[in-house]
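> I have a structure here, written as structure tokens, and I will follow up with some questions on it.
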Amino acid sequence: MLDLSTLSWELGWVPPRPWRDTAGADAAYDLVQAAEWLPATVPGDVHSDLLAAGRIPDPYRRDGLRACRWVDEVDWWYRTRLPLGLPPGQRAFLELDGVDYLSAVFVDGRELSRHQGMFSRQTVEIPPDLAVRPTAELAVRLWGSHALPRYALSRRQRLWARVVGPFQHTFRPFDDRLATLKAPMQFGWDFAPRLLAVGIWDAARLALSDAAYLADLWLQAEPLTPAADPTPARLRVQFTVDAPSSLGVRVHLAVQPHNFEGEGWDLDFAVTLPAGRSVQDLAVTLPAARRWQPWERGAAHLYTAQLTLYGGDGSGSALAGRSAIFGVRSLRWPDADRGGWRLLVNGQPFYLRGANWVPVDSLRGRAQREDYARLLEMARSAGVNCLRVWGGGGREKAAFYDLCDELGLLVWQEFPIACVFLDHLPRTAAYRHLLRQEAAGMVRALRNHPSLMLWCGGNEFSPRRNRAAVETLAEVAAAEDGSRRWLPASPGPGDAHHWLVWHGFANLAAYREERAAMVSEFGLQAAPAVESLRRFLDADELWPPGAGWQRHKGDLPKLQRYARYFDDPDADPEGGSEPLAAFVAASQRSQAAGLQIMVEHLRRRRWSGQEQAVPAPPHASAGLAVWQWNDPWPAISWSVVDYFGRPKLAYHVLRRVLQPVLVSLEYPLRPYRPGDRLRGALWVVNDGLQPLKSCRLLAWLDEAPVHAGEVAVPAAAAVAVGALDLTLPPGFRALRLALRQGNALLAENVYDLRFHDAGPTSLVHRLRRKLVDWTLR
């Protein structure tokens, strides 16, 4: 296997051509028209290579995006030299995991494939007469975004677009983005720029084999005992193989621990392969396998499986081989048929404390493993145990999922559909074919990962109005996997996106009205640190907030509405802090306060108990996902960690309220003054599987102790353990809580009582949010 990133690549541009679906339908081999060739990186993208060569300005600063628009209006070539020289009988396959978006592959001038899509792997066999050459030119043609498919509107759709257009502000009805399965975010979003990247954005390889080619290896492993570890496990092995003729082979499967020391197994099978492409199934029992566990439940044990094909008698060299990493674990959703969200991981109840994940860069070709690692490790440190990979971003590179496996983080994966409100997806056979191709490619790429917990059709669209698309996706998820939960869309039954706060301008107290079992989006924008703002705004754009802030997606009316109630009352009015720094701090306080209110409210409502057969009570919470964890470019957004990796205040608050054990005060959200009574219920939430015994709950108002008591909390439960009642003295600031067990600090929390959102929640905004929610049914 040759990693094509190790080769020397070049990039050139040529005049635009219209896109044709069929290979050879036009004279597309026009790379000789390229005026110059620049150094290129694979994986990567055109914009990043042009930026490195000094041909475009930074698209993330000032008017850089506008200055880069010419990139969309021409077509592009990537080229390199392939080392070949294969002996007769050996075969060579190109494996391109992700090319964005319209492409054709040529070897020594011969077109071998043409492809529309971004997330499905292209596997291209190099013909024998080319494979025997010592070297050959590999050239990949990319059509610029000028050639992207357009939404073909009927007369009725054009009329409907005129009617509903005024009510759909972010996107035009039947926008052209809906005609493709390019990552929707690239067309511009409320936190991301319109940046229609093209490139070989994901991994690329040259695979060599003898007679048979192993195209895919899928491993499903499930424990056969409810709790024992090690446990006997059932392992299903499915491999896809291409053989030039009927062939008897010996299959050798070597299973070894990947990230720990332990027992491995070597297994052999005799199989007769038919001529052509076939799918083979094997089943074995591993006698004593270690479970993959989420990080708070134990070690995320992983295994490596190496499958090798030999000639029928087992002698001689290998014909083909492929490896994959897998884990042994079980996932059950006992209430799924009723729209419930109770989850059992390895037979034990598991509360989802999640965050929404968006691409780490709008130029996603340049995302590296270390970029993912930094953000994922921060998430785990904050107590996050699952990530929702939002449909507007689509699939990430393999490194993201590898790291989630290693870190014990669960993944909710959506297909690349997002925000289809008063319109609908195309209803053509061609679109359904494309949807099937891209969805199947995503499922095959990700189904080995034990961290992956469910498939979702996409973000914020109506399954009813898009029935054909949802049925296609459901069929693919069942046929290509079938072992994970399927959701038609998010939100859906039992799942809410709470945007009355922020988009509806509502008071933060509205978070306490939420009753959904799963709340998979909620949040507020906050400005990043001043140091970050200075990295993407020029001095004249920093203050007061204006065009530069809006260009980087700051929603100024809403930012100002929430920040105004979180100005520091102790700041010196005679010169105090710089206005920019004061506003940044106020916006971050408002975001942190909102997230704290919602997270604690939902966790206090968690379903308590470990009995699997008992249905969750009405309005019990099973999980949450904060919107959003990260940024794809320098932005003023909902992110908890900004594009440069700087955490906002909300990150530090989440580190307290998202840990497996939470200590919480449920108290009236109102302004407090000296002499007021602060009354509230003290709660402890325990997401662990062991009861908390002999614990002490302590409280301080600033430095003065105000409460101390013994508490005990069952496993997997939320319990009100006491009450707090005190009179606030002059100069009070914050209430601190701590839960201790001996010398160990199990949980802590802080409430800054100086701040309170006094903004109104208007009936008009409530009605508008209900209308938006209605469009998603």
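Numbering starts fresh at 1 for the residues of each chain in the structure tokens, the chains themselves are lettered A, B, ... in the order given, and ligands are numbered from 1 as they appear.
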From the DSSP assignment of the backbone, select every residue of segment 137-194 of chain A that is strand (DSSP E or B), and format the answer as a list in words.
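Across segment 137-194 of chain A, those assigned strand (DSSP E or B) are Glu137, Leu138, Ala139, Val140, Arg141, Leu142, Phe187 and Arg194 of chain A.
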> Counting only C-alpha atoms, what are the residues of segment 633-699 of chain A within 12 Å of segment 543-551 of chain A, and for each of them which pair of atoms is the nearest and at what distance in Å, to one decimal? Sort the table by chain and rising number, as a Markdown table.

| residue | atom | partner | partner_atom | distance |
| --- | --- | --- | --- | --- |
| A:Trp633 | CA | A:Arg551 | CA | 11.6 |
| A:Pro634 | CA | A:Arg551 | CA | 10.4 |
| A:Ala635 | CA | A:Trp549 | CA | 8.2 |
| A:Ile636 | CA | A:Trp549 | CA | 7.0 |
| A:Ser637 | CA | A:Trp549 | CA | 10.2 |
> Any chance you can output those residues with N, CA, C and O atoms as a PDB file, in the first residue's frame?

ATOM      1  N   TRP A 633     -13.584  28.445  11.110  1.00  0.00           N
ATOM      2  CA  TRP A 633     -12.788  29.591  10.673  1.00  0.00           C
ATOM      3  C   TRP A 633     -12.840  30.629  11.790  1.00  0.00           C
ATOM      4  O   TRP A 633     -13.594  30.456  12.768  1.00  0.00           O
ATOM      5  N   PRO A 634     -12.070  31.702  11.736  1.00  0.00           N
ATOM      6  CA  PRO A 634     -12.119  32.706  12.807  1.00  0.00           C
ATOM      7  C   PRO A 634     -13.494  33.364  12.831  1.00  0.00           C
ATOM      8  O   PRO A 634     -13.871  34.072  11.877  1.00  0.00           O
ATOM      9  N   ALA A 635     -14.246  33.163  13.890  1.00  0.00           N
ATOM     10  CA  ALA A 635     -15.649  33.583  13.902  1.00  0.00           C
ATOM     11  C   ALA A 635     -16.058  34.119  15.266  1.00  0.00           C
ATOM     12  O   ALA A 635     -15.426  33.848  16.287  1.00  0.00           O
ATOM     13  N   ILE A 636     -17.161  34.870  15.229  1.00  0.00           N
ATOM     14  CA  ILE A 636     -17.873  35.271  16.434  1.00  0.00           C
ATOM     15  C   ILE A 636     -19.116  34.400  16.438  1.00  0.00           C
ATOM     16  O   ILE A 636     -20.072  34.668  15.711  1.00  0.00           O
ATOM     17  N   SER A 637     -19.079  33.317  17.199  1.00  0.00           N
ATOM     18  CA  SER A 637     -20.082  32.269  17.025  1.00  0.00           C
ATOM     19  C   SER A 637     -20.454  31.643  18.356  1.00  0.00           C
ATOM     20  O   SER A 637     -20.085  32.124  19.416  1.00  0.00           O
TER      21      SER A 637
END
> Report as a ChimeraX atom specification: the residues of segment 388-493 of chain A with a DSSP assignment of helix (DSSP H, G or I), based on the backbone of this structure.
/A:398-407,429-446,467-480
> Just write the chosen residues, N, CA and C atoms, as a compact mmCIF listing (two decimals), in the first residue's frame.

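So result.txt came out as:
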# COMPACT_ATOMS: atom_id res chain seq x y z
N ALA A 398 -10.65 10.05 8.70
CA ALA A 398 -10.57 8.86 9.56
C ALA A 398 -9.95 9.18 10.92
N ALA A 399 -9.00 10.12 10.96
CA ALA A 399 -8.32 10.42 12.22
C ALA A 399 -9.29 10.86 13.31
N PHE A 400 -10.36 11.56 12.94
CA PHE A 400 -11.35 11.99 13.92
C PHE A 400 -11.98 10.79 14.61
N TYR A 401 -12.43 9.82 13.83
CA TYR A 401 -13.11 8.65 14.38
C TYR A 401 -12.12 7.73 15.09
N ASP A 402 -10.90 7.63 14.58
CA ASP A 402 -9.87 6.86 15.27
C ASP A 402 -9.65 7.42 16.68
N LEU A 403 -9.58 8.74 16.77
CA LEU A 403 -9.35 9.37 18.07
C LEU A 403 -10.55 9.19 18.99
N CYS A 404 -11.76 9.27 18.46
CA CYS A 404 -12.95 9.03 19.29
C CYS A 404 -12.94 7.61 19.83
N ASP A 405 -12.53 6.63 18.98
CA ASP A 405 -12.38 5.25 19.47
C ASP A 405 -11.38 5.19 20.62
N GLU A 406 -10.23 5.82 20.43
CA GLU A 406 -9.15 5.74 21.41
C GLU A 406 -9.50 6.48 22.71
N LEU A 407 -10.23 7.59 22.59
CA LEU A 407 -10.55 8.42 23.76
C LEU A 407 -11.84 7.99 24.45
N ALA A 429 -34.82 10.77 -9.66
CA ALA A 429 -34.10 9.50 -9.53
C ALA A 429 -32.60 9.73 -9.46
N ALA A 430 -32.10 10.73 -10.20
CA ALA A 430 -30.66 11.02 -10.18
C ALA A 430 -30.21 11.45 -8.80
N TYR A 431 -31.02 12.27 -8.11
CA TYR A 431 -30.64 12.71 -6.76
C TYR A 431 -30.65 11.53 -5.80
N ARG A 432 -31.64 10.67 -5.90
CA ARG A 432 -31.69 9.50 -5.01
C ARG A 432 -30.50 8.58 -5.26
N HIS A 433 -30.09 8.45 -6.52
CA HIS A 433 -28.91 7.65 -6.82
C HIS A 433 -27.66 8.24 -6.16
N LEU A 434 -27.50 9.56 -6.27
CA LEU A 434 -26.37 10.23 -5.64
C LEU A 434 -26.42 10.08 -4.13
N LEU A 435 -27.61 10.22 -3.56
CA LEU A 435 -27.78 10.08 -2.11
C LEU A 435 -27.39 8.67 -1.66
N ARG A 436 -27.80 7.67 -2.42
CA ARG A 436 -27.45 6.29 -2.08
C ARG A 436 -25.94 6.08 -2.15
N GLN A 437 -25.31 6.61 -3.19
CA GLN A 437 -23.86 6.46 -3.35
C GLN A 437 -23.09 7.09 -2.20
N GLU A 438 -23.42 8.34 -1.87
CA GLU A 438 -22.68 9.04 -0.83
C GLU A 438 -22.95 8.46 0.55
N ALA A 439 -24.21 8.12 0.83
CA ALA A 439 -24.53 7.55 2.13
C ALA A 439 -23.86 6.20 2.31
N ALA A 440 -23.89 5.36 1.28
CA ALA A 440 -23.25 4.05 1.38
C ALA A 440 -21.75 4.20 1.59
N GLY A 441 -21.14 5.17 0.89
CA GLY A 441 -19.71 5.41 1.10
C GLY A 441 -19.39 5.83 2.52
N MET A 442 -20.24 6.67 3.12
CA MET A 442 -20.01 7.09 4.49
C MET A 442 -20.16 5.93 5.46
N VAL A 443 -21.20 5.11 5.28
CA VAL A 443 -21.43 4.00 6.20
C VAL A 443 -20.27 3.01 6.13
N ARG A 444 -19.84 2.68 4.92
CA ARG A 444 -18.73 1.72 4.79
C ARG A 444 -17.44 2.25 5.41
N ALA A 445 -17.23 3.56 5.30
CA ALA A 445 -16.01 4.15 5.84
C ALA A 445 -16.00 4.14 7.36
N LEU A 446 -17.18 4.18 8.00
CA LEU A 446 -17.23 4.43 9.45
C LEU A 446 -17.74 3.26 10.27
N ARG A 467 -39.78 12.44 2.08
CA ARG A 467 -39.95 11.01 2.38
C ARG A 467 -39.04 10.13 1.52
N ALA A 468 -38.94 10.42 0.23
CA ALA A 468 -38.13 9.56 -0.65
C ALA A 468 -36.67 9.58 -0.24
N ALA A 469 -36.15 10.76 0.12
CA ALA A 469 -34.75 10.85 0.55
C ALA A 469 -34.54 10.09 1.85
N VAL A 470 -35.46 10.24 2.80
CA VAL A 470 -35.31 9.56 4.10
C VAL A 470 -35.39 8.05 3.91
N GLU A 471 -36.29 7.58 3.06
CA GLU A 471 -36.39 6.14 2.81
C GLU A 471 -35.10 5.60 2.19
N THR A 472 -34.51 6.37 1.29
CA THR A 472 -33.25 5.95 0.68
C THR A 472 -32.15 5.84 1.73
N LEU A 473 -32.03 6.86 2.57
CA LEU A 473 -31.00 6.83 3.61
C LEU A 473 -31.23 5.70 4.60
N ALA A 474 -32.48 5.47 4.98
CA ALA A 474 -32.79 4.39 5.92
C ALA A 474 -32.43 3.04 5.32
N GLU A 475 -32.72 2.86 4.04
CA GLU A 475 -32.36 1.60 3.38
C GLU A 475 -30.86 1.38 3.37
N VAL A 476 -30.11 2.44 3.08
CA VAL A 476 -28.65 2.32 3.05
C VAL A 476 -28.12 1.98 4.44
N ALA A 477 -28.59 2.70 5.46
CA ALA A 477 -28.10 2.45 6.82
C ALA A 477 -28.39 1.01 7.25
N ALA A 478 -29.56 0.49 6.87
CA ALA A 478 -29.92 -0.88 7.24
C ALA A 478 -29.10 -1.90 6.45
N ALA A 479 -28.94 -1.66 5.15
CA ALA A 479 -28.25 -2.64 4.30
C ALA A 479 -26.75 -2.67 4.55
N GLU A 480 -26.15 -1.49 4.77
CA GLU A 480 -24.70 -1.42 4.92
C GLU A 480 -24.23 -1.55 6.36
> Considering only C-alpha atoms, state which residue in the set A:Leu678, A:Ala373, A:Leu51, A:Val389 is at the smallest distance from Gln628 of chain A.
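Nearest to Gln628 of chain A: A:Val389.
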> Residues near Ile597 of chain A, anyone? I mean within 9 Å using only C-alpha atoms, not counting same-chain ones fewer than 2 positions away, as a list in words.
Leu508, Ala509, Tyr511, Arg512, Ala592, Ala593, Gly594, Leu595, Val599, Glu600, His601 and Leu602 of chain A
> Quick one: everything within 9 Å of Arg589 of chain A, counting only C-alpha atoms, minus sequence neighbours fewer than 3 positions away in the same chain. Send it as a ChimeraX atom specification.
/A:526,563,566-567,584-586,592-594,649-650,755
> Quick one: of A:Gln306, A:Ser451, A:Asn749, A:Asn466, who's nearest to Gln596 of chain A, counting only C-alpha atoms?
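Checking each candidate against Gln596 of chain A, we get A:Asn749 as the closest.
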> Measuring between only C-alpha atoms, which one of A:Trp627, A:Phe536, A:Trp357, A:Trp607 shows the shortest distance to Phe522 of chain A?
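Of all the options, A:Trp627 lies closest to Phe522 of chain A.
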> To one decimal place in Å, what is the distance between atom CA of Gln122 of chain A and atom CA of His258 of chain A?
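The value is 27.9 Å.
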> Of the candidates A:Leu208, A:Val711, A:Leu138, A:Val661, which one gets nearest to Asp687 of chain A if we count only C-alpha atoms?
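Of A:Leu208, A:Val711, A:Leu138, A:Val661, the one nearest Asp687 of chain A, counting only C-alpha atoms, is A:Val661.
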> For atom CA of Ser381 of chain A and atom CA of Leu654 of chain A, quote the distance in Å rounded to one decimal.
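Taking atom CA of Ser381 of chain A as the start and atom CA of Leu654 of chain A as the end point, the length is 9.8 Å.
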> Please, what distance in Å, to one decimal, runs between atom CA of Arg364 of chain A and atom CA of Pro184 of chain A?
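Between these atoms lies a distance of 13.1 Å.
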> Which one is closest to Ala738 of chain A: A:Arg656, A:Arg291, A:Arg205, A:Arg395? Count only C-alpha atoms.
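Checking each of A:Arg656, A:Arg291, A:Arg205, A:Arg395 against Ala738 of chain A, counting only C-alpha atoms, the winner is A:Arg656.
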> Which residues come within 6 Å of Arg655 of chain A, counting only C-alpha atoms, excluding same-chain residues fewer than 3 positions away, as a PDB file with N, CA, C and O atoms, in the first residue's frame?

ATOM      1  N   ALA A 382     -13.424  18.190  29.546  1.00  0.00           N
ATOM      2  CA  ALA A 382     -14.576  18.970  30.017  1.00  0.00           C
ATOM      3  C   ALA A 382     -15.731  18.092  30.463  1.00  0.00           C
ATOM      4  O   ALA A 382     -16.739  18.617  30.950  1.00  0.00           O
ATOM      5  N   HIS A 652     -14.778  26.611  30.674  1.00  0.00           N
ATOM      6  CA  HIS A 652     -14.410  26.378  32.070  1.00  0.00           C
ATOM      7  C   HIS A 652     -15.654  26.065  32.909  1.00  0.00           C
ATOM      8  O   HIS A 652     -15.581  25.263  33.852  1.00  0.00           O
ATOM      9  N   LEU A 658     -20.368  19.335  33.317  1.00  0.00           N
ATOM     10  CA  LEU A 658     -20.493  18.169  32.439  1.00  0.00           C
ATOM     11  C   LEU A 658     -19.734  16.942  32.946  1.00  0.00           C
ATOM     12  O   LEU A 658     -19.715  15.921  32.263  1.00  0.00           O
TER      13      LEU A 658
END
> Under the rule that only C-alpha atoms are counted, which of A:Leu559, A:Val140, A:Leu273, A:Leu282 is the nearest residue to Tyr29 of chain A?
A:Val140
> Need the shell around segment 82-95 of chain A: protein/DNA/RNA residues with any atom at most 7 Å away, counting only C-alpha atoms. Skip same-chain ones fewer than 4 positions apart. Format as a PyMOL selection string?
chain A and resi 121-126+131-138+204-211
